[in-house]
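Colleague: So I've got this file, query-v9.cif, and it contains mmCIF, C-alpha atoms:
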```cif
data_data
loop_
_atom_site.label_atom_id
_atom_site.label_comp_id
_atom_site.auth_asym_id
_atom_site.auth_seq_id
_atom_site.Cartn_x
_atom_site.Cartn_y
_atom_site.Cartn_z
CA MET A 186 -92.50 20.94 190.61
CA ARG A 187 -96.00 20.26 189.30
CA TRP A 188 -96.75 20.11 185.61
CA PRO A 189 -98.86 23.23 185.00
CA TRP A 190 -100.98 21.42 182.43
CA ALA A 191 -101.63 18.34 184.58
CA SER A 192 -104.55 17.69 186.94
CA ASP A 193 -104.11 16.55 190.53
CA GLU A 194 -105.30 13.05 189.66
CA ASP A 195 -102.84 12.23 186.92
CA ASP A 196 -99.93 14.48 187.92
CA LYS A 197 -97.94 11.73 189.66
CA GLU A 198 -98.63 9.16 186.94
CA LYS A 199 -97.74 11.53 184.17
CA ARG A 200 -94.45 12.50 185.77
CA ARG A 201 -93.59 8.83 186.21
CA ALA A 202 -94.44 8.10 182.61
CA ALA A 203 -92.40 11.14 181.46
CA SER A 204 -89.34 10.07 183.46
CA TRP A 205 -86.65 7.99 181.80
CA ASP A 206 -87.76 4.92 183.77
CA GLY A 207 -91.24 5.45 182.44
CA ILE A 208 -90.06 5.90 178.87
CA LEU A 209 -88.02 2.69 179.02
CA ASP A 210 -91.06 0.79 180.25
CA PRO A 211 -92.90 -0.40 177.08
CA SER A 212 -96.19 -0.48 178.95
CA ASN A 213 -96.04 3.31 179.26
CA TRP A 214 -95.27 4.00 175.61
CA SER A 215 -97.86 6.21 174.00
CA TRP A 216 -97.99 9.11 171.60
CA SER A 217 -98.80 11.56 174.39
CA THR A 218 -95.76 10.42 176.37
CA LEU A 219 -93.37 10.76 173.43
CA THR A 220 -94.68 14.22 172.56
CA ASP A 221 -94.72 15.45 176.14
CA PRO A 222 -92.70 18.72 176.34
CA GLY A 223 -90.92 17.38 179.40
CA VAL A 224 -89.45 14.64 177.20
CA VAL A 225 -89.10 16.36 173.84
CA ILE A 226 -87.36 19.55 174.96
CA PRO A 227 -84.54 17.90 176.99
CA SER A 228 -84.05 15.25 174.27
CA VAL A 229 -83.77 17.80 171.47
CA ALA A 230 -81.50 20.04 173.56
CA PHE A 231 -79.22 17.14 174.44
CA THR A 232 -79.03 15.95 170.83
CA LEU A 233 -78.29 19.41 169.43
CA THR A 234 -75.67 20.09 172.10
CA THR A 235 -73.94 16.77 171.41
CA LEU A 236 -73.95 17.24 167.64
CA SER A 237 -72.70 20.82 167.95
CA ALA A 238 -69.89 19.78 170.30
CA LEU A 239 -68.81 17.01 167.92
CA ARG A 240 -68.86 19.38 164.96
CA ILE A 241 -66.80 22.01 166.78
CA TYR A 242 -64.30 19.37 167.85
CA LYS A 243 -63.94 17.83 164.37
CA THR A 244 -63.73 21.23 162.67
CA TYR A 245 -61.58 23.25 165.06
CA LEU A 246 -60.11 21.10 167.84
CA ARG A 247 -59.23 17.78 166.22
CA ARG A 248 -55.45 17.49 165.92
CA ILE A 249 -54.15 16.61 162.45
CA PRO A 250 -50.98 14.54 162.92
CA SER A 251 -49.82 14.31 159.28
CA VAL A 252 -50.61 15.26 155.71
CA ASN A 253 -52.44 11.96 155.24
CA HIS A 254 -55.07 13.09 157.77
CA ILE A 255 -55.94 16.34 155.96
CA LYS A 256 -59.28 16.03 154.20
CA PRO A 257 -59.33 17.22 150.57
CA ASN A 258 -62.03 19.81 151.28
CA TYR A 259 -59.73 21.50 153.83
CA PHE A 260 -57.41 22.84 151.13
CA ARG A 261 -57.97 26.50 150.22
CA ARG A 262 -60.60 26.71 152.96
CA ARG A 263 -58.78 26.06 156.23
CA SER A 264 -55.65 27.04 158.08
CA LEU A 265 -53.45 25.07 160.46
CA PHE A 266 -52.11 26.58 163.67
CA GLY A 267 -49.14 24.96 165.32
CA ARG A 268 -45.54 25.06 166.48
CA VAL A 269 -42.52 24.76 164.18
CA THR A 270 -40.46 21.81 165.38
CA SER A 271 -37.68 21.86 162.75
CA VAL A 272 -36.55 23.60 159.58
CA GLY A 273 -35.52 21.21 156.84
CA ASP A 274 -34.44 23.60 154.10
CA ALA A 275 -34.66 27.33 153.51
CA ASP A 276 -38.26 27.12 152.30
CA ASN A 277 -39.84 24.23 154.23
CA PHE A 278 -40.29 23.07 157.81
CA ARG A 279 -42.16 20.68 160.10
CA LEU A 280 -45.31 21.78 161.94
CA PHE A 281 -46.86 20.17 165.01
CA HIS A 282 -50.57 20.99 164.77
CA THR A 283 -51.98 22.53 167.98
CA PRO A 284 -55.64 23.33 167.17
CA GLY A 285 -57.08 26.08 169.34
CA GLY A 286 -53.65 27.08 170.63
CA ARG A 287 -53.30 28.08 174.26
CA ILE A 288 -57.04 28.69 174.57
CA ALA A 289 -57.53 24.95 173.98
CA GLY A 290 -54.86 24.09 176.55
CA TRP A 291 -51.79 23.62 174.35
CA GLY A 292 -48.64 24.45 176.27
CA TRP A 293 -50.06 24.45 179.79
CA LEU A 294 -52.27 21.36 180.16
CA PRO A 295 -50.14 18.29 181.03
CA TRP A 296 -51.64 16.16 178.24
CA LYS A 297 -51.28 18.91 175.62
CA ARG A 298 -47.55 19.39 175.37
CA VAL A 299 -45.61 19.64 172.10
CA PRO A 300 -43.05 16.80 172.00
CA THR A 301 -39.40 17.82 171.96
CA THR A 302 -37.52 14.72 170.79
CA ARG A 303 -37.28 13.31 167.28
CA GLU A 304 -38.64 9.96 168.44
CA GLN A 305 -41.72 11.56 169.98
CA LEU A 306 -42.34 13.65 166.85
CA THR A 307 -42.11 10.79 164.35
CA GLN A 308 -45.29 10.58 162.24
CA LYS A 309 -46.81 13.45 164.24
CA THR A 310 -45.83 16.51 162.19
CA ILE A 311 -46.91 18.06 158.90
CA HIS A 312 -44.28 18.93 156.29
CA ILE A 313 -44.96 22.51 155.13
CA ARG A 314 -43.60 24.05 151.90
CA ILE A 315 -43.77 27.86 151.97
CA ALA A 316 -45.91 28.97 149.03
CA GLY A 317 -44.81 31.43 146.36
CA VAL A 318 -41.08 31.47 147.09
CA ASP A 319 -38.01 29.47 146.12
CA ALA A 320 -34.96 29.68 148.39
CA PRO A 321 -31.33 28.86 147.48
CA GLU A 322 -30.66 25.13 147.70
CA LEU A 323 -28.47 23.54 150.35
CA ALA A 324 -26.09 20.77 149.31
CA HIS A 325 -27.94 17.48 148.83
CA TRP A 326 -28.30 14.56 146.40
CA GLY A 327 -24.70 15.07 145.33
CA ARG A 328 -25.32 18.69 144.29
CA GLU A 329 -23.23 21.59 145.56
CA ALA A 330 -24.79 24.18 147.85
CA GLN A 331 -26.12 27.26 146.12
CA PRO A 332 -24.73 30.67 147.14
CA TYR A 333 -26.65 32.18 150.06
CA SER A 334 -28.35 28.87 150.89
CA LYS A 335 -26.75 28.80 154.34
CA GLU A 336 -27.76 32.41 154.99
CA ALA A 337 -31.35 31.70 153.92
CA PHE A 338 -31.52 28.54 156.05
CA ASP A 339 -30.14 30.32 159.11
CA TRP A 340 -32.55 33.23 158.63
CA LEU A 341 -35.61 30.97 158.41
CA THR A 342 -34.47 28.90 161.39
CA GLN A 343 -34.03 32.01 163.53
CA TYR A 344 -37.31 33.51 162.30
CA ILE A 345 -39.74 30.63 162.91
CA SER A 346 -38.03 27.76 164.74
CA ASN A 347 -39.98 26.73 167.87
CA ARG A 348 -42.50 29.52 167.21
CA ARG A 349 -46.26 29.28 166.69
CA VAL A 350 -47.31 29.93 163.11
CA ARG A 351 -50.51 29.83 161.07
CA ALA A 352 -50.41 28.11 157.68
CA TYR A 353 -53.15 28.77 155.12
CA ILE A 354 -53.03 25.53 153.17
CA TYR A 355 -53.35 25.43 149.37
CA ARG A 356 -52.58 21.90 148.23
CA ARG A 357 -50.49 18.77 148.67
CA ASP A 358 -47.42 18.55 146.43
CA GLN A 359 -45.58 15.62 144.83
CA TYR A 360 -43.30 15.27 147.87
CA ASP A 361 -46.22 14.91 150.33
CA ARG A 362 -45.67 18.42 151.62
CA VAL A 363 -48.46 20.92 152.23
CA VAL A 364 -47.98 24.09 150.20
CA ALA A 365 -49.10 26.95 152.43
CA GLN A 366 -48.81 30.67 153.00
CA VAL A 367 -47.27 30.99 156.45
CA PHE A 368 -47.68 33.78 159.00
CA VAL A 369 -45.88 34.34 162.28
CA ARG A 370 -46.52 37.02 164.90
CA LYS A 371 -43.71 39.41 165.69
CA TRP A 372 -44.86 41.44 168.66
CA LEU A 373 -48.32 42.61 167.61
CA LEU A 374 -47.73 42.31 163.86
CA LYS A 375 -48.58 39.34 161.66
CA LYS A 376 -45.73 38.68 159.23
CA ASP A 377 -45.91 36.74 155.95
CA VAL A 378 -42.80 34.53 156.17
CA GLY A 379 -42.39 34.10 152.40
CA LEU A 380 -42.76 37.83 151.76
CA GLU A 381 -40.19 38.65 154.44
CA MET A 382 -37.69 36.27 152.79
CA LEU A 383 -38.18 38.04 149.47
CA LYS A 384 -37.66 41.44 151.11
CA CYS A 385 -34.37 40.20 152.61
CA GLY A 386 -33.19 38.91 149.23
CA LEU A 387 -33.01 35.34 150.56
CA ALA A 388 -35.55 33.84 148.14
CA SER A 389 -36.92 34.39 144.67
CA VAL A 390 -40.48 34.19 143.42
CA TYR A 391 -41.42 30.58 142.61
CA GLU A 392 -41.18 30.23 138.83
CA ALA A 393 -42.03 26.58 138.10
CA LYS A 394 -44.26 26.01 135.07
CA THR A 395 -46.83 24.22 137.27
CA GLY A 396 -47.62 24.21 140.96
CA SER A 397 -47.06 27.91 141.68
CA GLU A 398 -49.21 29.13 144.55
CA PHE A 399 -49.55 32.76 145.58
CA GLY A 400 -53.12 33.16 146.77
CA GLU A 401 -53.91 36.82 146.10
CA PHE A 402 -50.38 38.05 146.73
CA GLU A 403 -48.40 37.31 143.55
CA GLN A 404 -47.87 40.94 142.58
CA GLN A 405 -46.86 41.83 146.13
CA TYR A 406 -44.28 39.02 146.05
CA ARG A 407 -42.90 40.10 142.67
CA ASP A 408 -42.64 43.71 143.80
CA ALA A 409 -40.71 42.62 146.91
CA GLU A 410 -38.26 40.62 144.79
CA GLU A 411 -37.68 43.50 142.38
CA LYS A 412 -37.07 45.87 145.28
CA ALA A 413 -34.51 43.47 146.81
CA LYS A 414 -32.75 43.21 143.43
CA ALA A 415 -32.69 46.98 143.03
CA SER A 416 -31.34 47.37 146.56
CA LYS A 417 -28.74 44.62 145.92
CA ILE A 418 -29.35 42.80 149.18
CA GLY A 419 -29.13 39.11 150.09
CA MET A 420 -28.58 36.86 147.09
CA TRP A 421 -28.66 39.90 144.81
CA THR A 422 -25.64 41.52 146.52
CA LYS A 423 -22.77 42.84 144.39
CA PRO A 424 -19.24 43.33 145.74
CA THR A 425 -18.44 46.86 146.86
CA ILE A 426 -15.55 48.81 145.35
CA LEU A 427 -13.51 48.09 148.49
CA GLY A 428 -14.38 44.44 148.19
CA ARG A 429 -13.24 44.34 144.59
CA LEU A 430 -9.93 45.94 145.54
CA ARG A 431 -9.52 43.18 148.11
CA GLY A 432 -10.07 40.61 145.38
CA GLU A 433 -13.56 39.51 146.44
CA SER A 434 -15.43 37.80 143.63
CA PRO A 435 -19.21 38.17 143.26
CA LYS A 436 -21.35 35.24 144.26
CA ALA A 437 -23.40 33.83 141.42
CA THR A 438 -26.88 35.29 141.18
CA GLU A 439 -28.31 32.11 139.68
CA SER A 440 -31.91 31.74 140.84
CA PRO A 441 -33.04 28.54 142.55
CA ARG A 442 -35.10 27.70 139.45
CA GLU A 443 -32.07 28.15 137.17
CA TYR A 444 -29.98 26.05 139.57
CA LYS A 445 -32.50 23.19 139.47
CA THR A 446 -32.89 23.40 135.70
CA ARG A 447 -29.11 23.31 135.17
CA HIS A 448 -28.65 20.27 137.39
CA ALA A 449 -31.63 18.45 135.88
CA ALA A 450 -30.22 18.99 132.37
CA ALA A 451 -26.75 17.81 133.45
CA GLU A 452 -28.16 14.69 135.10
CA LYS A 453 -30.28 13.93 132.03
CA GLN A 454 -27.26 14.33 129.75
CA LYS A 455 -25.21 12.06 132.02
CA LYS A 456 -27.88 9.35 131.88
CA THR A 457 -28.10 9.64 128.09
CA ALA A 458 -24.31 9.33 127.73
CA SER A 459 -24.20 6.28 129.97
#
```
Could the structure of this file be written out as structure tokens, please?
Modeller:
Amino acid sequence: MRWPWASDEDDKEKRRAASWDGILDPSNWSWSTLTDPGVVIPSVAFTLTTLSALRIYKTYLRRIPSVNHIKPNYFRRRSLFGRVTSVGDADNFRLFHTPGGRIAGWGWLPWKRVPTTREQLTQKTIHIRIAGVDAPELAHWGREAQPYSKEAFDWLTQYISNRRVRAYIYRRDQYDRVVAQVFVRKWLLKKDVGLEMLKCGLASVYEAKTGSEFGEFEQQYRDAEEKAKASKIGMWTKPTILGRLRGESPKATESPREYKTRHAAAEKQKKTAS
């Protein structure tokens, strides 16, 4: 195709000078060549396309393998989408980040499969702590299991294990976990996992003096806990009259925060005595 602004005499020479071979030849370098629309427009378009593609990849498609790879400016501004690979306790789990989800090829492209073995998942998951809630503690560190801890653990495992969830990340805690509000889709509805635990009476509102995270949902969480208490469900259950006649004793309604405080005081007293 002829250059519409070129004459018959210099059309061939100008096209040669405007080609990449011509540009790379120092003898053809001139201001008119470098400002030629045939050179400038493709160069600018290529540069902008490349920069835009890199930005999209780094912002939305770059996989984050662990908490150490999360940039500080991501917190309170970004969310992580991925698959739950394991549940560690009744209020935390491991997430394998799958940015872009199925649209980006996760789950159906051969090189974008979520690992299934512990060895393959080592150093490749993010430890998530569900924000705003405190679930009954399982037995660990020499402490006895708290009442309803097994029920809470089983509920969370059934609710999110091996499912895709979205975590709106707030901060990194002292245990290198990411505190996040977590949502999972149940049919066409998006469910707040922490809120659902409170409704079932399998968690209490997080009451630590520092580090509490609720986003904009604190009152909603507290209302859900009060309703579960009033309904006497989950950890707030009281024995029925028939149960009392059978000799059933009520399970302690000690909150997870009270449980931790009691054990911390006992351990401190033991150290002081020794």
Colleague: Pull out every residue that the PyMOL selection byres ((chain A and resi 420) around 10) matches in the shown coordinates and put them as a compact mmCIF listing (two decimals) with C-alpha atoms, in the frame of the given file.
Modeller:
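Contents of out.txt, as written:
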```
# COMPACT_ATOMS: atom_id res chain seq x y z
CA ALA A 320 -34.96 29.68 148.39
CA PRO A 321 -31.33 28.86 147.48
CA GLN A 331 -26.12 27.26 146.12
CA PRO A 332 -24.73 30.67 147.14
CA TYR A 333 -26.65 32.18 150.06
CA SER A 334 -28.35 28.87 150.89
CA GLU A 336 -27.76 32.41 154.99
CA ALA A 337 -31.35 31.70 153.92
CA LEU A 383 -38.18 38.04 149.47
CA CYS A 385 -34.37 40.20 152.61
CA GLY A 386 -33.19 38.91 149.23
CA LEU A 387 -33.01 35.34 150.56
CA ALA A 388 -35.55 33.84 148.14
CA SER A 389 -36.92 34.39 144.67
CA ALA A 413 -34.51 43.47 146.81
CA LYS A 414 -32.75 43.21 143.43
CA LYS A 417 -28.74 44.62 145.92
CA ILE A 418 -29.35 42.80 149.18
CA GLY A 419 -29.13 39.11 150.09
CA TRP A 421 -28.66 39.90 144.81
CA THR A 422 -25.64 41.52 146.52
CA LYS A 423 -22.77 42.84 144.39
CA LYS A 436 -21.35 35.24 144.26
CA ALA A 437 -23.40 33.83 141.42
CA THR A 438 -26.88 35.29 141.18
CA GLU A 439 -28.31 32.11 139.68
CA SER A 440 -31.91 31.74 140.84
```
Colleague: In Å, rounded to a single decimal, give me how far atom CA of Ala393 of chain A is from atom CA of Phe281 of chain A.
Modeller: 28.1 Å
Colleague: Could you state which residues are captured by the PyMOL selection byres ((chain A and resi 352) around 6) in this file, as number ranges by chain?
Modeller: A: 264-265, 351, 353-354, 365-367
Colleague: Mind telling me what the PyMOL selection byres ((chain A and resi 338) around 8) catches here, as a ChimeraX atom specification?
Modeller: /A:272,274-276,334-337,339-342
Colleague: Which residues are close to segment 246-251 of chain A, i.e. within 8 Å by all atoms listed in the file, leaving aside same-chain residues fewer than 3 positions away? Reply as a tab-separated table (two decimals) with C-alpha atoms, in the frame of the given file.
Modeller:
```tsv
chain	number	residue	atom	x	y	z
A	241	ILE	CA	-66.80	22.01	166.78
A	242	TYR	CA	-64.30	19.37	167.85
A	243	LYS	CA	-63.94	17.83	164.37
A	254	HIS	CA	-55.07	13.09	157.77
A	255	ILE	CA	-55.94	16.34	155.96
A	281	PHE	CA	-46.86	20.17	165.01
A	282	HIS	CA	-50.57	20.99	164.77
A	283	THR	CA	-51.98	22.53	167.98
A	284	PRO	CA	-55.64	23.33	167.17
A	285	GLY	CA	-57.08	26.08	169.34
A	289	ALA	CA	-57.53	24.95	173.98
A	308	GLN	CA	-45.29	10.58	162.24
A	309	LYS	CA	-46.81	13.45	164.24
A	310	THR	CA	-45.83	16.51	162.19
A	311	ILE	CA	-46.91	18.06	158.90
A	312	HIS	CA	-44.28	18.93	156.29
```
Colleague: Measuring atom to atom with only C-alpha atoms, identify which of A:Glu381, A:Trp291, A:Arg298, A:Tyr355 is nearest to Phe266 of chain A.
Modeller: A:Trp291
Colleague: Could you tell me how far atom CA of Arg261 of chain A sits from atom CA of Asp361 of chain A, in Å to one decimal place?
Modeller: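 Going from atom CA of Asp361 of chain A over to atom CA of Arg261 of chain A, I get 16.5 Å.
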Colleague: So the first atom is atom CA of Gln454 of chain A and the second is atom CA of Arg362 of chain A; what is the distance between them in Å, to one decimal place?
Modeller: 28.9 Å
Colleague: Compare A:Leu380, A:Arg314, A:Thr302, A:Arg262 by their minimum atom-to-atom distance to Asp358 of chain A, counting only C-alpha atoms, and give me the closest one.
Modeller: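 Ranking A:Leu380, A:Arg314, A:Thr302, A:Arg262 by distance to Asp358 of chain A, first place goes to A:Arg314.
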Colleague: For Arg287 of chain A, please output as a PyMOL selection string all residues within 12 Å (counting all atoms listed in the file; exclusion window: fewer than 5 positions along the same chain).
Modeller: chain A and resi 246+266-268+292-294+297-299+349
Colleague: Excluding same-chain residues fewer than 2 positions from Gly317 of chain A, what lies within 6 Å of it counting all atoms listed in the file, as a PyMOL selection string?
Modeller: chain A and resi 390-391+398-399
